[in-house]
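Enquirer: Got structure-v6.tsv for you, TSV, C-alpha atoms:
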chain	number	residue	atom	x	y	z
A	1	MET	CA	0.00	0.00	0.00
A	2	LEU	CA	2.76	2.47	0.98
A	3	GLN	CA	6.42	2.50	0.03
A	4	VAL	CA	8.75	5.31	1.09
A	5	GLN	CA	12.28	5.11	-0.33
A	6	GLY	CA	15.27	7.30	0.48
A	7	VAL	CA	13.22	10.35	1.47
A	8	PHE	CA	15.06	13.52	2.46
A	9	LYS	CA	13.44	16.78	3.56
A	10	SER	CA	15.03	20.04	4.71
A	11	TYR	CA	13.63	23.46	5.55
A	12	ALA	CA	15.32	26.84	5.17
A	13	THR	CA	16.12	28.68	8.41
A	14	ALA	CA	18.04	31.82	9.26
A	15	GLN	CA	20.96	29.58	10.22
A	16	GLY	CA	20.80	27.64	6.96
A	17	PRO	CA	19.06	24.42	5.84
A	18	LEU	CA	17.59	22.30	8.63
A	19	ALA	CA	17.60	18.59	7.72
A	20	VAL	CA	14.41	17.01	9.11
A	21	LEU	CA	14.39	13.68	7.23
A	22	ARG	CA	17.72	12.15	6.20
A	23	GLY	CA	16.96	9.11	4.05
A	24	VAL	CA	13.81	7.41	5.36
A	25	ASP	CA	12.68	4.01	4.07
A	26	LEU	CA	9.28	2.70	5.13
A	27	ARG	CA	6.77	0.11	3.95
A	28	LEU	CA	3.17	-0.50	4.96
A	29	GLY	CA	1.09	-3.42	3.70
A	30	GLN	CA	-2.61	-3.43	2.86
A	31	GLY	CA	-4.76	-3.67	5.97
A	32	GLU	CA	-1.74	-3.16	8.23
A	33	SER	CA	-1.44	-0.61	11.06
A	34	LEU	CA	1.84	1.13	11.84
A	35	ALA	CA	2.74	3.51	14.68
A	36	LEU	CA	5.29	6.22	13.90
A	37	MET	CA	7.02	7.35	17.06
A	38	GLY	CA	9.85	9.68	18.04
A	39	GLU	CA	10.72	12.71	20.13
A	40	SER	CA	9.43	16.18	19.28
A	41	GLY	CA	11.15	17.49	16.17
A	42	SER	CA	12.17	14.05	14.92
A	43	GLY	CA	10.23	14.46	11.66
A	44	LYS	CA	7.07	12.44	12.37
A	45	SER	CA	4.55	15.04	11.23
A	46	THR	CA	6.80	16.06	8.33
A	47	LEU	CA	6.80	12.48	7.04
A	48	LEU	CA	3.03	12.23	7.46
A	49	HIS	CA	2.53	15.45	5.48
A	50	LEU	CA	4.79	14.14	2.70
A	51	VAL	CA	2.81	10.88	2.53
A	52	ALA	CA	-0.41	12.93	2.37
A	53	GLY	CA	0.94	14.91	-0.57
A	54	LEU	CA	0.71	18.14	1.43
A	55	ASP	CA	4.42	18.79	0.95
A	56	GLN	CA	7.13	17.53	-1.40
A	57	ALA	CA	10.28	15.58	-0.57
A	58	ASP	CA	13.64	17.03	-1.58
A	59	GLN	CA	14.84	13.59	-2.62
A	60	GLY	CA	13.50	10.05	-2.73
A	61	SER	CA	10.11	8.64	-3.67
A	62	ILE	CA	6.74	7.95	-2.07
A	63	GLU	CA	4.48	5.42	-3.76
A	64	ILE	CA	0.95	4.64	-2.60
A	65	ALA	CA	-1.07	1.86	-4.23
A	66	GLY	CA	1.25	1.98	-7.22
A	67	LYS	CA	1.12	5.77	-7.68
A	68	ARG	CA	4.22	7.95	-7.33
A	69	LEU	CA	3.31	11.25	-5.63
A	70	ASP	CA	6.19	13.15	-7.26
A	71	GLN	CA	4.77	12.31	-10.68
A	72	MET	CA	1.44	14.07	-9.99
A	73	ASN	CA	0.65	17.74	-10.52
A	74	GLU	CA	-1.25	19.78	-7.92
A	75	ALA	CA	-4.68	19.07	-9.43
A	76	GLN	CA	-3.96	15.33	-9.55
A	77	LEU	CA	-2.70	15.38	-5.95
A	78	ALA	CA	-5.81	17.21	-4.76
A	79	ASN	CA	-8.08	14.69	-6.48
A	80	TRP	CA	-6.01	11.81	-5.11
A	81	ARG	CA	-6.31	13.16	-1.55
A	82	ARG	CA	-10.09	13.42	-1.94
A	83	THR	CA	-10.51	9.88	-3.21
A	84	GLU	CA	-7.69	7.68	-1.90
A	85	ILE	CA	-6.71	8.74	1.62
A	86	GLY	CA	-8.38	9.68	4.89
A	87	LEU	CA	-6.90	12.22	7.31
A	88	VAL	CA	-7.46	12.43	11.06
A	89	PHE	CA	-5.77	15.20	13.02
A	90	GLN	CA	-5.53	15.98	16.73
A	91	GLN	CA	-7.34	19.28	16.08
A	92	PHE	CA	-10.32	17.42	14.50
A	93	ASN	CA	-10.73	19.99	11.65
A	94	LEU	CA	-14.49	19.57	11.47
A	95	ILE	CA	-16.51	22.09	9.46
A	96	GLY	CA	-18.21	24.30	12.02
A	97	SER	CA	-21.10	25.32	9.76
A	98	LEU	CA	-22.12	21.70	9.08
A	99	LYS	CA	-24.08	19.37	11.34
A	100	VAL	CA	-22.50	16.09	12.39
A	101	GLU	CA	-24.34	14.08	9.73
A	102	ASP	CA	-23.07	16.40	7.00
A	103	ASN	CA	-19.52	16.42	8.38
A	104	LEU	CA	-19.58	12.62	8.25
A	105	ALA	CA	-20.66	12.60	4.61
A	106	PHE	CA	-18.42	15.44	3.44
A	107	GLN	CA	-15.31	13.48	2.39
A	108	ALA	CA	-17.29	10.61	0.88
A	109	ARG	CA	-19.38	12.98	-1.23
A	110	LEU	CA	-16.25	14.73	-2.51
A	111	ALA	CA	-14.84	11.33	-3.44
A	112	GLY	CA	-18.10	10.33	-5.18
A	113	ARG	CA	-18.41	7.32	-2.86
A	114	HIS	CA	-21.10	8.28	-0.39
A	115	ASP	CA	-22.70	5.10	0.95
A	116	ALA	CA	-25.67	5.69	3.24
A	117	VAL	CA	-25.57	2.11	4.57
A	118	TRP	CA	-21.86	2.33	5.47
A	119	GLN	CA	-22.36	5.76	7.05
A	120	ALA	CA	-25.22	4.41	9.15
A	121	GLU	CA	-22.96	1.58	10.34
A	122	LEU	CA	-20.24	4.08	11.25
A	123	VAL	CA	-22.78	6.19	13.13
A	124	GLU	CA	-23.92	3.17	15.14
A	125	ARG	CA	-20.46	1.84	15.92
A	126	LEU	CA	-19.07	5.27	16.81
A	127	GLY	CA	-22.06	6.06	19.04
A	128	LEU	CA	-23.09	9.18	17.11
A	129	GLY	CA	-26.80	8.47	16.66
A	130	ASP	CA	-27.97	11.13	19.14
A	131	LEU	CA	-25.51	13.74	17.82
A	132	LEU	CA	-26.32	13.89	14.09
A	133	LYS	CA	-28.23	17.19	14.27
A	134	ARG	CA	-25.65	18.94	16.44
A	135	TYR	CA	-22.85	21.23	15.29
A	136	PRO	CA	-19.17	20.57	16.19
A	137	GLU	CA	-19.12	23.33	18.83
A	138	GLN	CA	-21.84	21.45	20.70
A	139	LEU	CA	-19.69	18.32	21.06
A	140	SER	CA	-17.04	17.24	23.55
A	141	GLY	CA	-13.49	16.55	22.40
A	142	GLY	CA	-14.06	12.80	22.35
A	143	GLN	CA	-17.29	13.20	20.37
A	144	GLN	CA	-15.57	15.47	17.83
A	145	GLN	CA	-12.79	12.92	17.38
A	146	ARG	CA	-15.35	10.18	16.77
A	147	VAL	CA	-16.90	12.34	14.04
A	148	ALA	CA	-13.45	13.00	12.52
A	149	ILE	CA	-12.70	9.28	12.42
A	150	GLY	CA	-16.10	8.53	10.89
A	151	ARG	CA	-15.61	11.21	8.23
A	152	ALA	CA	-12.19	9.80	7.31
A	153	LEU	CA	-13.50	6.23	7.04
A	154	ALA	CA	-16.79	7.06	5.29
A	155	SER	CA	-15.15	7.12	1.84
A	156	ARG	CA	-13.44	3.74	2.50
A	157	PRO	CA	-9.92	5.10	1.81
A	158	GLY	CA	-7.07	2.78	1.01
A	159	LEU	CA	-4.81	4.62	3.46
A	160	LEU	CA	-5.73	6.38	6.71
A	161	LEU	CA	-3.22	8.92	8.07
A	162	ALA	CA	-3.63	9.97	11.70
A	163	ASP	CA	-1.51	12.59	13.48
A	164	GLU	CA	-1.79	12.15	17.26
A	165	PRO	CA	-5.51	11.37	16.90
A	166	THR	CA	-5.94	10.70	20.63
A	167	GLY	CA	-3.30	13.12	21.92
A	168	SER	CA	-5.76	15.66	23.34
A	169	LEU	CA	-8.05	13.07	24.95
A	170	ASP	CA	-7.94	11.65	28.48
A	171	GLU	CA	-6.63	8.11	28.82
A	172	SER	CA	-10.03	6.45	29.11
A	173	THR	CA	-11.50	8.28	26.11
A	174	SER	CA	-8.26	7.73	24.16
A	175	ASP	CA	-8.45	3.96	24.71
A	176	GLU	CA	-12.11	3.89	23.69
A	177	VAL	CA	-11.60	5.92	20.51
A	178	LEU	CA	-8.52	3.89	19.52
A	179	GLN	CA	-10.37	0.60	20.00
A	180	LEU	CA	-13.25	1.82	17.86
A	181	LEU	CA	-10.80	2.86	15.13
A	182	LEU	CA	-9.00	-0.49	15.16
A	183	ASP	CA	-12.31	-2.41	15.19
A	184	LEU	CA	-13.49	-0.48	12.12
A	185	LEU	CA	-10.23	-1.18	10.30
A	186	VAL	CA	-10.75	-4.91	10.76
A	187	ASP	CA	-13.82	-4.67	8.53
A	188	SER	CA	-12.11	-2.73	5.75
A	189	PRO	CA	-9.01	-2.99	3.52
A	190	THR	CA	-7.74	0.32	4.89
A	191	SER	CA	-4.13	0.63	6.06
A	192	LEU	CA	-3.28	2.93	8.99
A	193	LEU	CA	-0.20	5.10	9.54
A	194	MET	CA	-0.47	6.82	12.92
A	195	VAL	CA	1.87	9.36	14.50
A	196	THR	CA	1.85	8.98	18.27
A	197	HIS	CA	4.08	9.84	21.22
A	198	SER	CA	2.45	7.19	23.41
A	199	PRO	CA	4.11	3.74	23.68
A	200	ARG	CA	0.82	2.47	25.14
A	201	VAL	CA	-1.11	3.55	22.03
A	202	ALA	CA	1.63	2.35	19.66
A	203	ALA	CA	1.59	-1.11	21.21
A	204	ARG	CA	-1.99	-1.59	20.01
A	205	LEU	CA	-0.95	-1.39	16.35
A	206	ASN	CA	0.60	-4.17	14.25
A	207	ARG	CA	4.04	-2.53	14.00
A	208	GLN	CA	5.99	0.33	15.55
A	209	VAL	CA	8.84	2.40	14.09
A	210	VAL	CA	10.84	5.16	15.76
A	211	LEU	CA	12.19	8.26	14.04
A	212	HIS	CA	15.35	9.69	15.60
A	213	LEU	CA	17.27	12.61	14.12
A	214	GLY	CA	15.51	12.15	10.78
A	215	LEU	CA	16.21	8.42	10.47
A	216	LEU	CA	14.26	5.29	11.37
A	217	ALA	CA	16.02	3.98	14.45
A	218	ALA	CA	14.07	0.87	15.38
A	219	GLU	CA	11.14	-1.28	14.45
A	220	GLY	CA	8.93	-3.56	16.47
A	221	GLU	CA	6.17	-5.97	15.49
A	222	ARG	CA	3.16	-7.27	17.36
Here is the file; what I need is its structure written in the form of structure tokens.
Expert:
Amino acid sequence: MLQVQGVFKSYATAQGPLAVLRGVDLRLGQGESLALMGESGSGKSTLLHLVAGLDQADQGSIEIAGKRLDQMNEAQLANWRRTEIGLVFQQFNLIGSLKVEDNLAFQARLAGRHDAVWQAELVERLGLGDLLKRYPEQLSGGQQQRVAIGRALASRPGLLLADEPTGSLDESTSDEVLQLLLDLLVDSPTSLLMVTHSPRVAARLNRQVVLHLGLLAAEGER
């Protein structure tokens, strides 16, 4: 599903180029879940943004489901993001002017894959049935994250990218949301790449890798 080869990324600073990624190789199989760990500033979010096509690598290649991101123009990348990947962020990024039911359907409608039956199943399994007519500002943090996860999965993406999706939640809510996410992945062909700082969360996924000083330092498997 995902193959990252020899990826380098630097950013310009007043002191000169800052190397964030220094030759990263990473593979993720279909239906597999992988935790990306590392200290602050190690390049975790940078790598996730590159995989999402939100930024470009200086060197190396990123291939997802047989498609090289560096061979797409901006319009192709935008269409690919709408149809092929799901994004879940710690900040939720729900659309404040839309009710929960419309937030859930938003990504799937853009992708041309809205499935009312699948959305109804997501609503039931994520416990959102009583919240469909509410707006994001009327929800708790855990409820908003459930909606964000449902929105990302509603289009049945091949790859789900999650950046600290439970980082702002208390431990009990974090465990509950993570379990729901992993349960939903069992019933789909979606692969998961999750950035997390929590060894406890990472241990729940199939594999764990650690970024250190822009390089993958270790890998574990469950």
Enquirer: For a quick check of understanding, using all atoms listed in the file, which of A:Val51, A:Met194, A:Leu126, A:Ala217 has the smallest distance to Ile149 (chain A)?
Expert: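 Distance minimum relative to Ile149 (chain A) lands on A:Leu126.
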Enquirer: Using only C-alpha atoms, find the one residue out of A:Arg207, A:Lys99, A:Arg113, A:Lys9 that sits nearest to His49 (chain A).
Expert: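 Smallest separation from His49 (chain A) among the options: A:Lys9.
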Enquirer: I'd like the contact shell of Leu178 (chain A) - 8 Å cut-off, all atoms listed in the file, skipping same-chain residues fewer than 4 positions apart - returned as a PDB file with C-alpha atoms, in the coordinates of the input.
Expert:
ATOM      1  CA  THR A 166      -5.940  10.700  20.630  1.00  0.00           C
ATOM      2  CA  SER A 174      -8.260   7.730  24.160  1.00  0.00           C
ATOM      3  CA  LEU A 182      -9.000  -0.490  15.160  1.00  0.00           C
ATOM      4  CA  VAL A 201      -1.110   3.550  22.030  1.00  0.00           C
TER       5      VAL A 201
END
Enquirer: For CA of Ser198 (chain A) and CA of Leu181 (chain A), quote the distance in Å rounded to one decimal.
Expert: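 Calculated distance between CA of Ser198 (chain A) and CA of Leu181 (chain A) is 16.2 Å.
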Enquirer: Tell me which of A:Lys67, A:His212, A:Lys44, A:Arg22 sits closest to Met1 (chain A), counting only C-alpha atoms.
Expert: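 Among the listed residues, the smallest separation from Met1 (chain A) belongs to A:Lys67.
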Enquirer: Rounded to one decimal in Å, what is the spacing between CA of Asn103 (chain A) and CA of Val88 (chain A)?
Expert: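 Straight-line distance from CA of Asn103 (chain A) to CA of Val88 (chain A) works out to 13.0 Å.
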Enquirer: Could you work out how far CA of Glu137 (chain A) lies from CA of Gly150 (chain A), giving the answer in Å with one decimal?
Expert: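 Atom-to-atom, CA of Gly150 (chain A) to CA of Glu137 (chain A), that is 17.1 Å.
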Enquirer: Choose the residue, out of A:Gln119, A:Gln90, A:Gln15, A:Gln30, that has the smallest atom-to-atom separation from Leu132 (chain A); count only C-alpha atoms.
Expert: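 Ranked by minimum distance to Leu132 (chain A), first place goes to A:Gln119.
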Enquirer: What's around Val20 (chain A) at 10 Å? Count all atoms listed in the file, leave out sequence neighbours fewer than 6 positions away in its own chain, and write the answer as a ChimeraX atom specification.
Expert: /A:8-11,41-44,46-47,212-215
Enquirer: Please produce a file of those selected residues containing C-alpha atoms, as an mmCIF file, in the frame of the given file.
Expert:
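Writing done, so here's again_11.cif:
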data_model
loop_
_atom_site.group_PDB
_atom_site.id
_atom_site.type_symbol
_atom_site.label_atom_id
_atom_site.label_comp_id
_atom_site.auth_asym_id
_atom_site.auth_seq_id
_atom_site.Cartn_x
_atom_site.Cartn_y
_atom_site.Cartn_z
ATOM 1 C CA PHE A 8 15.060 13.520 2.460
ATOM 2 C CA LYS A 9 13.440 16.780 3.560
ATOM 3 C CA SER A 10 15.030 20.040 4.710
ATOM 4 C CA TYR A 11 13.630 23.460 5.550
ATOM 5 C CA GLY A 41 11.150 17.490 16.170
ATOM 6 C CA SER A 42 12.170 14.050 14.920
ATOM 7 C CA GLY A 43 10.230 14.460 11.660
ATOM 8 C CA LYS A 44 7.070 12.440 12.370
ATOM 9 C CA THR A 46 6.800 16.060 8.330
ATOM 10 C CA LEU A 47 6.800 12.480 7.040
ATOM 11 C CA HIS A 212 15.350 9.690 15.600
ATOM 12 C CA LEU A 213 17.270 12.610 14.120
ATOM 13 C CA GLY A 214 15.510 12.150 10.780
ATOM 14 C CA LEU A 215 16.210 8.420 10.470
#
Enquirer: Please write as a list in words the list of polymer residues whose atoms come within 10 Å of (-2.7, 3.0, -5.7), counting all atoms listed in the file and keeping to the coordinates of the file.
Expert: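 Counting all atoms listed in the file, I find these residues within 10 Å of (-2.7, 3.0, -5.7): Met1, Leu2, Glu63, Ile64, Ala65, Gly66, Lys67, Arg68, Trp80, Glu84, Gly158 and Leu159 of chain A.
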Enquirer: With all atoms listed in the file as the basis for distance, which of A:Asp187, A:Gln208, A:Gly53, A:Asn93 is at the shortest distance from Ala78 (chain A)?
Expert: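 Using all atoms listed in the file, Ala78 (chain A) sits closest to A:Gly53.
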